[in-house]
file data12.csv (CSV, C-alpha atoms)
chain,number,residue,atom,x,y,z
F,1,MET,CA,-24.1,2.6,-21.7
F,2,THR,CA,-24.7,-0.8,-23.1
F,3,SER,CA,-24.2,-4.0,-21.2
F,4,LEU,CA,-21.2,-4.7,-23.4
F,5,GLU,CA,-19.5,-1.5,-22.1
F,6,TRP,CA,-20.4,-2.2,-18.5
F,7,GLY,CA,-18.4,-5.5,-18.5
F,8,PRO,CA,-14.9,-4.1,-19.0
F,9,LEU,CA,-15.8,-1.2,-16.6
F,10,LEU,CA,-16.8,-3.7,-13.9
F,11,LEU,CA,-13.6,-5.7,-14.5
F,12,LEU,CA,-11.5,-2.6,-14.3
F,13,SER,CA,-13.2,-1.7,-11.0
F,14,VAL,CA,-12.4,-5.2,-9.6
F,15,LEU,CA,-8.8,-4.9,-10.8
F,16,TRP,CA,-8.3,-1.5,-9.2
F,17,GLY,CA,-10.2,-2.1,-6.0
F,18,GLY,CA,-9.3,-5.7,-5.3
F,19,PRO,CA,-5.6,-5.2,-4.5
F,20,PHE,CA,-6.4,-2.9,-1.6
F,21,VAL,CA,-7.5,-5.9,0.4
F,22,LEU,CA,-4.2,-7.6,-0.4
F,23,VAL,CA,-2.3,-4.5,0.6
F,24,GLY,CA,-4.0,-4.7,4.0
F,25,VAL,CA,-2.7,-8.2,4.4
F,26,ALA,CA,0.8,-7.2,3.2
F,27,LEU,CA,1.0,-4.2,5.5
F,28,ARG,CA,0.9,-6.6,8.5
F,29,GLU,CA,4.2,-8.1,7.3
F,30,VAL,CA,6.0,-5.3,5.4
F,31,PRO,CA,6.3,-1.6,6.5
F,32,PRO,CA,4.4,0.8,4.3
F,33,PHE,CA,7.2,2.7,2.7
F,34,SER,CA,9.3,-0.5,2.2
F,35,ARG,CA,6.3,-1.8,0.3
F,36,VAL,CA,6.1,1.3,-1.9
F,37,THR,CA,9.9,1.2,-2.6
F,38,LEU,CA,9.6,-2.5,-3.5
F,39,ARG,CA,6.7,-1.9,-5.8
F,40,LEU,CA,8.3,1.0,-7.6
F,41,GLY,CA,11.6,-0.8,-7.8
F,42,ILE,CA,10.0,-3.8,-9.5
F,43,LYS,CA,8.2,-1.5,-11.9
F,44,ALA,CA,11.5,0.2,-12.7
F,45,LEU,CA,13.2,-3.1,-13.4
F,46,VAL,CA,10.4,-4.3,-15.6
F,47,LEU,CA,10.4,-1.0,-17.5
F,48,ASN,CA,14.1,-1.2,-18.0
F,49,ALA,CA,13.8,-4.8,-19.3
F,50,VAL,CA,11.1,-3.7,-21.8
F,51,LEU,CA,13.3,-0.9,-23.0
F,52,ARG,CA,16.2,-3.2,-23.6
F,53,LEU,CA,14.0,-5.8,-25.4
F,54,SER,CA,12.6,-3.1,-27.6
F,55,SER,CA,16.0,-1.7,-28.4
F,56,LEU,CA,15.2,1.6,-26.9
F,57,ARG,CA,17.6,3.6,-24.7
F,58,LEU,CA,17.1,5.7,-21.7
F,59,PRO,CA,17.7,9.4,-22.4
F,60,SER,CA,21.2,10.9,-21.5
F,61,ASP,CA,20.1,14.5,-21.1
F,62,TRP,CA,20.0,15.6,-17.5
F,63,ARG,CA,17.0,17.9,-18.1
F,64,VAL,CA,15.0,14.9,-19.3
F,65,TRP,CA,16.1,12.9,-16.2
F,66,ARG,CA,15.1,15.8,-13.9
F,67,ALA,CA,11.7,15.9,-15.5
F,68,MET,CA,11.3,12.1,-15.2
F,69,VAL,CA,12.3,12.1,-11.6
F,70,ALA,CA,9.9,14.9,-10.8
F,71,MET,CA,7.1,13.1,-12.6
F,72,GLY,CA,7.9,9.8,-10.9
F,73,LEU,CA,7.8,11.4,-7.5
F,74,ILE,CA,4.6,13.3,-8.2
F,75,ASN,CA,2.7,10.6,-10.1
F,76,ASN,CA,4.0,7.5,-8.4
F,77,ALA,CA,6.0,7.7,-5.2
F,78,LEU,CA,3.9,10.3,-3.4
F,79,PRO,CA,0.5,8.9,-4.3
F,80,PHE,CA,1.5,5.3,-3.5
F,81,SER,CA,3.1,6.4,-0.3
F,82,LEU,CA,0.0,8.3,0.8
F,83,LEU,CA,-2.3,5.5,-0.1
F,84,VAL,CA,-0.3,2.8,1.7
F,85,TRP,CA,0.2,5.1,4.7
F,86,GLY,CA,-3.5,5.8,4.7
F,87,GLN,CA,-4.2,2.1,4.9
F,88,THR,CA,-2.3,2.0,8.1
F,89,GLN,CA,-4.9,4.5,9.5
F,90,VAL,CA,-8.1,2.9,8.1
F,91,THR,CA,-9.0,-0.6,7.0
F,92,SER,CA,-8.4,-1.8,3.5
F,93,VAL,CA,-12.1,-2.4,3.2
F,94,ALA,CA,-12.7,1.3,3.7
F,95,CYS,CA,-10.2,2.2,0.9
F,96,ALA,CA,-11.3,-0.3,-1.7
F,97,PRO,CA,-14.7,1.3,-2.7
F,98,GLY,CA,-13.1,4.7,-3.4
F,99,ARG,CA,-10.3,3.2,-5.5
F,100,ALA,CA,-12.7,0.8,-7.3
F,101,SER,CA,-15.0,3.7,-8.3
F,102,ARG,CA,-12.2,5.5,-10.2
F,103,PRO,CA,-13.1,3.9,-13.6
F,104,ARG,CA,-16.6,5.2,-13.2
F,105,GLY,CA,-15.3,8.7,-12.6
F,106,SER,CA,-13.0,8.4,-15.6
F,107,ARG,CA,-16.0,7.3,-17.7
F,108,ARG,CA,-17.9,10.4,-16.6
F,109,SER,CA,-15.0,12.6,-17.3
F,110,GLY,CA,-14.5,11.2,-20.7
F,111,ALA,CA,-18.2,11.5,-21.5
F,112,ALA,CA,-18.2,15.1,-20.4
F,113,ARG,CA,-15.2,15.9,-22.7
F,114,ARG,CA,-16.9,14.4,-25.7
F,115,GLN,CA,-19.9,16.8,-25.3

call {"tool": "encode", "arguments": {"input": "data12.csv", "output": "structure tokens"}}
result
Amino acid sequence: MTSLEWGPLLLLSVLWGGPFVLVGVALREVPPFSRVTLRLGIKALVLNAVLRLSSLRLPSDWRVWRAMVAMGLINNALPFSLLVWGQTQVTSVACAPGRASRPRGSRRSGAARRQ
């Protein structure tokens, strides 16, 4: 990898790992699952606003909604809940390196797929 490629990877590591320290501070004031609910609720509101601004509509088919709810639970609610709950068991400093190393793992995975 060139130094030009390392810069964005380092920035991504800071962006992904840095919030864990902030989560540790927030957990002192807000219960873990309330924080997850708030986080996901804000994201849902932003996504809804983006859809409205782009003149797109939410699907009306219940099968699509069932799939979206399942994906939301599996890909967002469950992992965020486990991560935030985990931070009540260990310090944020212990969580940050693992989370921050994720871009490096993604890079390795992408490089392996190209070969």

call {"tool": "atom_distance", "arguments": {"input": "data12.csv", "atom1": "CA of Leu83 in chain F", "atom2": "CA of Ala44 in chain F"}}
result
19.4 Å

call {"tool": "closest_residue", "arguments": {"input": "data12.csv", "among": "F:Val90, F:Val46, F:Ala77, F:Leu58", "to": "Ser34 in chain F", "atoms": "only C-alpha atoms"}}
result
F:Ala77

call {"tool": "closest_residue", "arguments": {"input": "data12.csv", "among": "F:Leu9, F:Ile74, F:Val14, F:Val84", "to": "Arg39 in chain F", "atoms": "only C-alpha atoms"}}
result
F:Val84

call {"tool": "atom_distance", "arguments": {"input": "data12.csv", "atom1": "CA of Val50 in chain F", "atom2": "CA of Pro79 in chain F"}}
result
24.0 Å

call {"tool": "atom_distance", "arguments": {"input": "data12.csv", "atom1": "CA of Phe33 in chain F", "atom2": "CA of Leu78 in chain F"}}
result
10.3 Å

call {"tool": "closest_residue", "arguments": {"input": "data12.csv", "among": "F:Leu4, F:Ser60, F:Leu82, F:Leu73", "to": "Leu40 in chain F", "atoms": "all atoms listed in the file"}}
result
F:Leu73

call {"tool": "closest_residue", "arguments": {"input": "data12.csv", "among": "F:Gln87, F:Ser54, F:Asn48, F:Ser81", "to": "Arg35 in chain F", "atoms": "all atoms listed in the file"}}
result
F:Ser81

call {"tool": "build_atoms", "arguments": {"input": "data12.csv", "residues": "range 74-86 of chain F", "atoms": "N, CA and C atoms", "output": "mmCIF file, in the coordinates of the input"}}
result
data_model
loop_
_atom_site.group_PDB
_atom_site.id
_atom_site.type_symbol
_atom_site.label_atom_id
_atom_site.label_comp_id
_atom_site.auth_asym_id
_atom_site.auth_seq_id
_atom_site.Cartn_x
_atom_site.Cartn_y
_atom_site.Cartn_z
ATOM 1 N N ILE F 74 5.923 12.779 -8.246
ATOM 2 C CA ILE F 74 4.600 13.300 -8.200
ATOM 3 C C ILE F 74 3.499 12.322 -8.555
ATOM 4 N N ASN F 75 3.749 11.551 -9.593
ATOM 5 C CA ASN F 75 2.700 10.600 -10.100
ATOM 6 C C ASN F 75 2.767 9.237 -9.538
ATOM 7 N N ASN F 76 3.869 8.828 -8.924
ATOM 8 C CA ASN F 76 4.000 7.500 -8.400
ATOM 9 C C ASN F 76 4.345 7.395 -6.946
ATOM 10 N N ALA F 77 5.511 7.884 -6.597
ATOM 11 C CA ALA F 77 6.000 7.700 -5.200
ATOM 12 C C ALA F 77 5.112 8.381 -4.192
ATOM 13 N N LEU F 78 4.757 9.620 -4.405
ATOM 14 C CA LEU F 78 3.900 10.300 -3.400
ATOM 15 C C LEU F 78 2.531 9.733 -3.311
ATOM 16 N N PRO F 79 1.798 9.525 -4.430
ATOM 17 C CA PRO F 79 0.500 8.900 -4.300
ATOM 18 C C PRO F 79 0.475 7.537 -3.652
ATOM 19 N N PHE F 80 1.398 6.675 -4.092
ATOM 20 C CA PHE F 80 1.500 5.300 -3.500
ATOM 21 C C PHE F 80 1.815 5.382 -2.050
ATOM 22 N N SER F 81 2.746 6.263 -1.687
ATOM 23 C CA SER F 81 3.100 6.400 -0.300
ATOM 24 C C SER F 81 1.941 6.847 0.566
ATOM 25 N N LEU F 82 1.204 7.821 0.074
ATOM 26 C CA LEU F 82 0.000 8.300 0.800
ATOM 27 C C LEU F 82 -1.053 7.260 0.918
ATOM 28 N N LEU F 83 -1.270 6.536 -0.175
ATOM 29 C CA LEU F 83 -2.300 5.500 -0.100
ATOM 30 C C LEU F 83 -1.936 4.383 0.829
ATOM 31 N N VAL F 84 -0.708 3.920 0.782
ATOM 32 C CA VAL F 84 -0.300 2.800 1.700
ATOM 33 C C VAL F 84 -0.270 3.322 3.117
ATOM 34 N N TRP F 85 0.223 4.529 3.354
ATOM 35 C CA TRP F 85 0.200 5.100 4.700
ATOM 36 C C TRP F 85 -1.228 5.220 5.200
ATOM 37 N N GLY F 86 -2.127 5.683 4.320
ATOM 38 C CA GLY F 86 -3.500 5.800 4.700
ATOM 39 C C GLY F 86 -4.145 4.500 5.109
#
